[in-house]
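Undergrad: Take a look at the following structure, please.
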Amino acid sequence: MLPAESPALAPEHLNNTGCTIKVTADKGRGVYASRPIPRNTTIEISPVLLFNKEEYENHGKYTVLDHYTFKWPDSRMALALGLGSLFNHSDPPNVSYFRDTQTESIRYTTTRDIDTGEELCIYYGHSLWFSLGDNNSSLPEDKPEIDDGWGGLSCVDEINDQTVSNPYEDGDPEEIVPEEDLPFIRYKPAPEEEDAESIRTMQAWVVDVPEPQHITTLLKWIKQTGLDGPEMGHLKRIRKKRSSTSLVLSTSSEPPELPAELDLPAPYQLPVPTSSALTLPSLNLKSALWPTTYTPRRKDEPEPWTRDKLRWAWNAMKKTVDFAVEARAKNKELPIAAYIPTPYGVDEKDAELSDLSFIASDSRTSTKHPLRHASINTIRKLADYHASIEEPKDGLDPLEVDKTAGDVRNGTNYLLTDRTFFVTHEPCVMCSMSLLHSRAKEVIYLYPMAKTGGCGGCTCLPMLKGVNHRYSIFQWKLDKISRNFTDEDLTLDQTLDA
Ligand SMILES: C[S@@+](CC[C@H](N)C(=O)[O-])C[C@H]1O[C@@H](n2cnc3c(N)ncnc32)[C@H](O)[C@@H]1O
């Protein structure tokens, strides 16, 4: 900036991440690599100085600060201290940056491998107020009007804008958005009809209860002993046949030990359906085995999305993306994140235990554990949290909660029934299966993984014949989410399992 006023000699810089300052005639000072720097290296963390809007409007913008300040997410203006103010502009850049509002700092990370001597540049945006490489035109008077009223580096927000507005904020919240305007594509399953041959069954222990007054006692006992596992959630507990009443008990391999004082006959095994009935013919067939619940899939009637629900989903998807980008910038993880937000319609403040939100990124790199995928990590966070008797103390990562200390509620801790699962990349087969086990309601992902994905990529787990749960799948259209990232930030090798 302002080469005429730039120092003739670059100061020495003690940054040990391979950055040095150099001065050139056309750009003034800039940041250069003093040695090769690999991609994804955090090369600088600059604290920022913040100016409120009035201070900036009335004073800052008439000073040299105008060339160094840029928008902060809360609409204040920020000046990066340290090397942060010396990165020149380039399109394409080789450095991306992340504004950390919690620590009031900016983290600069290389986006590709850098050679010794290369200039390290960020992207300021499209409306530059100086000519590239032109000595004179970088003077303030050459700066064209930028109609947002903000000067300096405000334009960088075009690419790195965390404040980019949610397109569903405006308009009638109750308006149903037409299918073709939805920001995602629904994965269409092959039509399915169950018949007598294809109905899958499992062996369950059943007991006949001759005395009706024993039924309530038995039901209470089942609850207390935790026999009612989630795999039987679709079965009605009691079957009445003419004069006899029977109760389904468990799917364990051994017969359950019944309360001795009730003097019941010995339990016996019966084949029962593994899943609820999706159609009326299937309900008849399944209920002939054991009374089963009816959960028709409205094949031609996809669930409508209102603008308000899309506003919620858009925020959730953006949060997932931001988390993935941050995981890579801060912790050098794979940029994959998954998020279970508070369900639509529930205010985060009023959320009950079962409605709390959980987010996690992939942690294969830091843990050197090949199974620490983002989806599994997120489900695990939810499960560990539910399993802990005490709520985690403030600031304690739920993953660190001692799960052995908790009231492990009969294996139901991991259940995501009625929860929407947001994830940056199509979950792999293992993660798609864990979402199935967890009974997720719907999965929304951003990047398809054609070779490894289990939600339509290489296979589609919830559509396989015989699985005992189905979830809906949506692929978010890339152009409908904030560009707080470049595709390069999140694109993964297609052979990698997300
Ligand atoms: C944040 S400062 C960067 C550091 C600045 N070069 C210095 O010496 O202090 C922004 C200013 O640098 C200059 N600048 C940045 N990128 C440039 C480029 N690609 N070509 C020419 N000048 C550039 C412009 O004068 C701009 O106002």
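Here, A, B, ... name the chains of the structure tokens in the order displayed, residue numbers run from 1 inside each chain, and ligands are numbered from 1 in the same displayed order.
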Would you please extract all helix (DSSP H, G or I) residues from region 35-271 of chain A, as assigned by DSSP on the backbone, and give them as a compact mmCIF listing (two decimals) with N, CA and C atoms, in the first residue's frame?
TA:
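Saved result, result.txt, follows:
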```
# COMPACT_ATOMS: atom_id res chain seq x y z
N LYS A 53 -18.80 1.25 14.04
CA LYS A 53 -19.17 1.81 12.74
C LYS A 53 -18.98 3.34 12.71
N GLU A 54 -19.43 4.01 13.79
CA GLU A 54 -19.35 5.48 13.83
C GLU A 54 -17.89 5.94 13.77
N GLU A 55 -17.08 5.29 14.62
CA GLU A 55 -15.66 5.66 14.67
C GLU A 55 -15.05 5.55 13.27
N TYR A 56 -15.43 4.48 12.59
CA TYR A 56 -14.84 4.24 11.29
C TYR A 56 -15.38 5.24 10.26
N GLU A 57 -16.71 5.43 10.27
CA GLU A 57 -17.36 6.31 9.31
C GLU A 57 -16.86 7.75 9.45
N ASN A 58 -16.74 8.19 10.73
CA ASN A 58 -16.40 9.59 10.97
C ASN A 58 -14.91 9.88 10.90
N GLY A 60 -11.93 6.89 10.77
CA GLY A 60 -11.03 5.90 10.19
C GLY A 60 -10.96 5.93 8.67
N LYS A 61 -12.11 6.09 8.05
CA LYS A 61 -12.11 5.95 6.60
C LYS A 61 -11.41 7.10 5.88
N TYR A 62 -11.15 8.20 6.61
CA TYR A 62 -10.43 9.32 5.99
C TYR A 62 -8.93 9.22 6.24
N VAL A 64 -5.21 6.62 6.60
CA VAL A 64 -4.52 5.52 5.94
C VAL A 64 -5.10 4.16 6.37
N LEU A 65 -5.79 4.17 7.51
CA LEU A 65 -6.38 2.91 8.00
C LEU A 65 -7.34 2.31 6.98
N ASP A 66 -7.90 3.18 6.13
CA ASP A 66 -8.88 2.72 5.17
C ASP A 66 -8.32 1.61 4.27
N HIS A 67 -7.01 1.60 4.10
CA HIS A 67 -6.39 0.59 3.23
C HIS A 67 -6.14 -0.72 3.95
N GLY A 82 0.14 -7.29 13.41
CA GLY A 82 1.10 -8.30 12.97
C GLY A 82 1.15 -8.37 11.46
N LEU A 83 1.46 -9.55 10.95
CA LEU A 83 1.62 -9.69 9.50
C LEU A 83 0.31 -9.53 8.76
N GLY A 84 -0.80 -9.72 9.47
CA GLY A 84 -2.12 -9.75 8.84
C GLY A 84 -2.40 -8.57 7.93
N SER A 85 -1.88 -7.39 8.25
CA SER A 85 -2.17 -6.21 7.44
C SER A 85 -1.25 -6.11 6.22
N LEU A 86 -0.31 -7.02 6.12
CA LEU A 86 0.67 -6.86 5.03
C LEU A 86 0.47 -7.83 3.88
N ASN A 136 1.22 4.24 -9.11
CA ASN A 136 0.48 5.44 -8.74
C ASN A 136 -0.97 5.17 -8.36
N SER A 137 -1.53 4.16 -9.01
CA SER A 137 -2.97 3.99 -8.84
C SER A 137 -3.34 3.44 -7.47
N SER A 138 -2.38 3.08 -6.67
CA SER A 138 -2.74 2.61 -5.34
C SER A 138 -2.94 3.76 -4.36
N PRO A 140 -4.81 6.79 -2.51
CA PRO A 140 -6.21 6.78 -2.09
C PRO A 140 -7.15 7.47 -3.06
N GLU A 141 -6.68 8.57 -3.71
CA GLU A 141 -7.63 9.29 -4.57
C GLU A 141 -8.07 8.46 -5.78
N ASP A 142 -7.32 7.40 -6.09
CA ASP A 142 -7.71 6.57 -7.22
C ASP A 142 -8.77 5.54 -6.84
N GLY A 152 -11.57 0.26 2.25
CA GLY A 152 -10.52 -0.71 2.48
C GLY A 152 -10.86 -2.10 2.02
N LEU A 153 -10.56 -3.07 2.85
CA LEU A 153 -10.67 -4.46 2.46
C LEU A 153 -12.07 -5.03 2.64
N SER A 154 -13.06 -4.15 2.69
CA SER A 154 -14.40 -4.67 2.94
C SER A 154 -14.79 -5.70 1.90
N CYS A 155 -14.24 -5.57 0.71
CA CYS A 155 -14.69 -6.47 -0.35
C CYS A 155 -14.28 -7.91 -0.13
N VAL A 156 -13.34 -8.15 0.74
CA VAL A 156 -12.95 -9.53 0.96
C VAL A 156 -14.15 -10.35 1.40
N ASP A 157 -15.16 -9.69 1.90
CA ASP A 157 -16.30 -10.43 2.40
C ASP A 157 -17.03 -11.18 1.30
N GLU A 158 -16.79 -10.78 0.07
CA GLU A 158 -17.47 -11.51 -1.00
C GLU A 158 -17.11 -12.98 -0.95
N ILE A 159 -15.89 -13.27 -0.53
CA ILE A 159 -15.53 -14.69 -0.48
C ILE A 159 -15.55 -15.23 0.94
N ASN A 160 -15.19 -14.42 1.90
CA ASN A 160 -15.02 -14.97 3.24
C ASN A 160 -16.06 -14.42 4.20
N GLU A 179 -41.11 -27.42 -5.06
CA GLU A 179 -40.08 -28.47 -5.09
C GLU A 179 -38.86 -28.04 -5.93
N GLU A 180 -39.13 -27.41 -7.10
CA GLU A 180 -38.01 -27.08 -7.99
C GLU A 180 -37.16 -25.94 -7.45
N ASP A 181 -37.68 -25.19 -6.48
CA ASP A 181 -36.89 -24.09 -5.92
C ASP A 181 -36.18 -24.47 -4.63
N HIS A 214 -51.97 -59.22 35.57
CA HIS A 214 -50.50 -59.29 35.61
C HIS A 214 -49.85 -58.45 34.51
N ILE A 215 -50.68 -57.99 33.56
CA ILE A 215 -50.09 -57.30 32.39
C ILE A 215 -49.41 -55.99 32.80
N THR A 216 -50.09 -55.19 33.62
CA THR A 216 -49.50 -53.91 34.03
C THR A 216 -48.20 -54.15 34.80
N THR A 217 -48.21 -55.14 35.70
CA THR A 217 -47.00 -55.43 36.47
C THR A 217 -45.88 -55.83 35.52
N LEU A 218 -46.24 -56.66 34.55
CA LEU A 218 -45.20 -57.13 33.61
C LEU A 218 -44.65 -55.98 32.77
N LEU A 219 -45.54 -55.09 32.34
CA LEU A 219 -45.09 -53.95 31.52
C LEU A 219 -44.11 -53.08 32.30
N LYS A 220 -44.44 -52.84 33.57
CA LYS A 220 -43.56 -52.04 34.44
C LYS A 220 -42.21 -52.75 34.60
N TRP A 221 -42.30 -54.05 34.81
CA TRP A 221 -41.09 -54.84 35.02
C TRP A 221 -40.19 -54.78 33.77
N ILE A 222 -40.83 -54.86 32.59
CA ILE A 222 -40.06 -54.80 31.33
C ILE A 222 -39.31 -53.47 31.25
N LYS A 223 -40.01 -52.39 31.60
CA LYS A 223 -39.38 -51.06 31.56
C LYS A 223 -38.20 -50.99 32.51
N GLN A 224 -38.43 -51.48 33.75
CA GLN A 224 -37.37 -51.40 34.76
C GLN A 224 -36.15 -52.22 34.37
N THR A 225 -36.40 -53.40 33.83
CA THR A 225 -35.26 -54.26 33.52
C THR A 225 -34.59 -53.85 32.21
N PRO A 230 -34.46 -50.78 21.33
CA PRO A 230 -34.97 -50.03 20.18
C PRO A 230 -35.30 -50.90 18.98
N GLU A 231 -34.72 -52.11 18.92
CA GLU A 231 -35.00 -52.97 17.76
C GLU A 231 -36.45 -53.47 17.78
N MET A 232 -37.18 -53.23 18.90
CA MET A 232 -38.56 -53.68 18.96
C MET A 232 -39.54 -52.50 18.93
N ALA A 260 -40.68 -64.20 39.48
CA ALA A 260 -41.15 -65.49 39.97
C ALA A 260 -42.54 -65.40 40.59
N GLU A 261 -42.82 -64.23 41.26
CA GLU A 261 -44.09 -64.13 42.00
C GLU A 261 -45.31 -64.15 41.08
N LEU A 262 -45.13 -63.94 39.78
CA LEU A 262 -46.30 -63.91 38.89
C LEU A 262 -46.70 -65.32 38.42
```
Undergrad: Please list as a PyMOL selection string every residue within 6 Å of region 321-325 of chain A, counting only C-alpha atoms and excluding residues in the same chain fewer than 5 positions away.
TA: chain A and resi 335-337
Undergrad: Give the answer as one residue: which of A:Asp308, A:Asp384, A:Asp489, A:Asp355 has the shortest atom-to-atom distance to Gly171 (chain A), using only C-alpha atoms?
TA: A:Asp308
Undergrad: For ligand 1, which residue out of A:Ser432, A:Thr69, A:Asn166, A:Thr201 is the nearest one, using only C-alpha atoms and all ligand atoms?
TA: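 Residue with the minimum atom-to-atom distance to ligand 1: A:Thr69.
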Undergrad: Pick out the residues sitting within 9 Å of Met430 (chain A), and hand them over as a VMD selection string; count only C-alpha atoms, and ignore anything fewer than 4 positions along from it in its own chain.
TA: chain A and resid 371 376 434 to 435 454 497
Undergrad: Pull C-alpha atoms from the residues just selected and write them as a compact mmCIF listing (two decimals), in the first residue's frame.
TA:
```
# COMPACT_ATOMS: atom_id res chain seq x y z
CA LEU A 371 -12.86 -44.64 12.50
CA ILE A 376 -19.69 -41.12 13.99
CA SER A 434 -24.61 -45.84 12.02
CA LEU A 435 -27.23 -43.27 11.00
CA GLY A 454 -23.49 -44.88 1.55
CA ASP A 497 -14.55 -42.33 2.88
```
Undergrad: How far is it from CA of Trp72 (chain A) to CA of Arg112 (chain A), in Å with one decimal?
TA: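 These atoms are spaced 25.5 Å apart.
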Undergrad: Smallest atom-to-atom distance to ligand 1: which of A:Ile379, A:Ala10, A:Ala204, A:Leu270, using only C-alpha atoms and all ligand atoms?
TA: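 Smallest separation from ligand 1 among the options: A:Ala10.
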Undergrad: Find the residue from A:Val248, A:Met317, A:Leu461, A:Val467 that sits nearest to Ser275 (chain A); use only C-alpha atoms when measuring.
TA: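 Selected residue with least distance to Ser275 (chain A): A:Val467.
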Undergrad: Which residues are near region 90-106 of chain A? Cut-off 6 Å, only C-alpha atoms, ignore same chain within fewer than 3 positions. Put them as a PyMOL selection string.
TA: chain A and resi 45-48+109-111+121-123
Undergrad: With N, CA and C atoms retained, write the just-selected residues as an mmCIF file, in the first residue's frame.
TA:
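Result saved to out.cif:
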```cif
data_model
loop_
_atom_site.group_PDB
_atom_site.id
_atom_site.type_symbol
_atom_site.label_atom_id
_atom_site.label_comp_id
_atom_site.auth_asym_id
_atom_site.auth_seq_id
_atom_site.Cartn_x
_atom_site.Cartn_y
_atom_site.Cartn_z
ATOM 1 N N ILE A 45 -1.276 -15.894 12.939
ATOM 2 C CA ILE A 45 -2.531 -15.589 13.640
ATOM 3 C C ILE A 45 -2.374 -14.155 14.124
ATOM 4 N N SER A 46 -3.177 -13.265 13.543
ATOM 5 C CA SER A 46 -3.052 -11.845 13.897
ATOM 6 C C SER A 46 -4.201 -11.428 14.800
ATOM 7 N N PRO A 47 -3.898 -10.837 15.948
ATOM 8 C CA PRO A 47 -4.985 -10.246 16.749
ATOM 9 C C PRO A 47 -5.565 -9.070 15.959
ATOM 10 N N VAL A 48 -6.817 -8.706 16.224
ATOM 11 C CA VAL A 48 -7.365 -7.547 15.509
ATOM 12 C C VAL A 48 -7.734 -6.438 16.478
ATOM 13 N N THR A 109 -4.000 -19.277 6.463
ATOM 14 C CA THR A 109 -3.593 -20.659 6.158
ATOM 15 C C THR A 109 -3.297 -20.794 4.668
ATOM 16 N N THR A 110 -2.231 -21.486 4.331
ATOM 17 C CA THR A 110 -1.896 -21.657 2.908
ATOM 18 C C THR A 110 -2.904 -22.598 2.245
ATOM 19 N N THR A 111 -3.270 -22.290 0.996
ATOM 20 C CA THR A 111 -4.249 -23.132 0.305
ATOM 21 C C THR A 111 -3.575 -24.111 -0.647
ATOM 22 N N CYS A 121 -0.379 -14.311 -0.691
ATOM 23 C CA CYS A 121 -1.438 -13.322 -0.921
ATOM 24 C C CYS A 121 -2.808 -13.843 -0.535
ATOM 25 N N ILE A 122 -3.649 -12.924 -0.077
ATOM 26 C CA ILE A 122 -5.053 -13.252 0.163
ATOM 27 C C ILE A 122 -5.878 -12.628 -0.958
ATOM 28 N N TYR A 123 -7.162 -12.887 -0.944
ATOM 29 C CA TYR A 123 -8.065 -12.350 -1.960
ATOM 30 C C TYR A 123 -8.885 -11.236 -1.337
#
```
Undergrad: How many Å separate CA of Gln269 (chain A) from CA of His469 (chain A)?
TA: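 Distance between the two atoms: 23.1 Å.
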Undergrad: Pick out the closest residue to Leu128 (chain A) from this set: A:Leu81, A:Thr292, A:His89, A:Ile359. Count only C-alpha atoms.
TA: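 Under the stated criterion, the closest residue is A:His89.
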Undergrad: Quote the spacing between CA of Pro271 (chain A) and CA of Arg200 (chain A) in Å to one decimal place.
TA: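 About the pair CA of Pro271 (chain A) and CA of Arg200 (chain A): they are 9.1 Å apart.
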Undergrad: Pick out the residues sitting within 10 Å of Gly18 (chain A), and hand them over as a list in words; count only C-alpha atoms, and ignore anything fewer than 2 positions along from it in its own chain.
TA: His13, Leu14, Asn15, Asn16, Thr20, Val31, Tyr32, Ala33, Ser34, Arg35, Pro36, Ile37, Ile43, Glu44, Thr116 and Gly117 of chain A
Undergrad: When distances are computed from only C-alpha atoms, which of A:Ser366, A:Ser75, A:Arg470, A:Ser253 shows the smallest separation from Pro296 (chain A)?
TA: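 Of A:Ser366, A:Ser75, A:Arg470, A:Ser253, the one nearest Pro296 (chain A) is A:Arg470, counting only C-alpha atoms.
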Undergrad: Can you pull out every residue within 10 Å of Ala450 (chain A), counting only C-alpha atoms, but drop anything in the same chain fewer than 3 positions away, and send it as a count of residues only?
TA: 12
Undergrad: Please give the complete set of residues from region 207-423 of chain A that DSSP, run on the backbone, assigns to strand (DSSP E or B), formatted as an MDAnalysis selection string.
TA: chainID A and resid 207:208 235 238:241 244:250 268:273 277 292 294 306 337:340 358:361 420:423
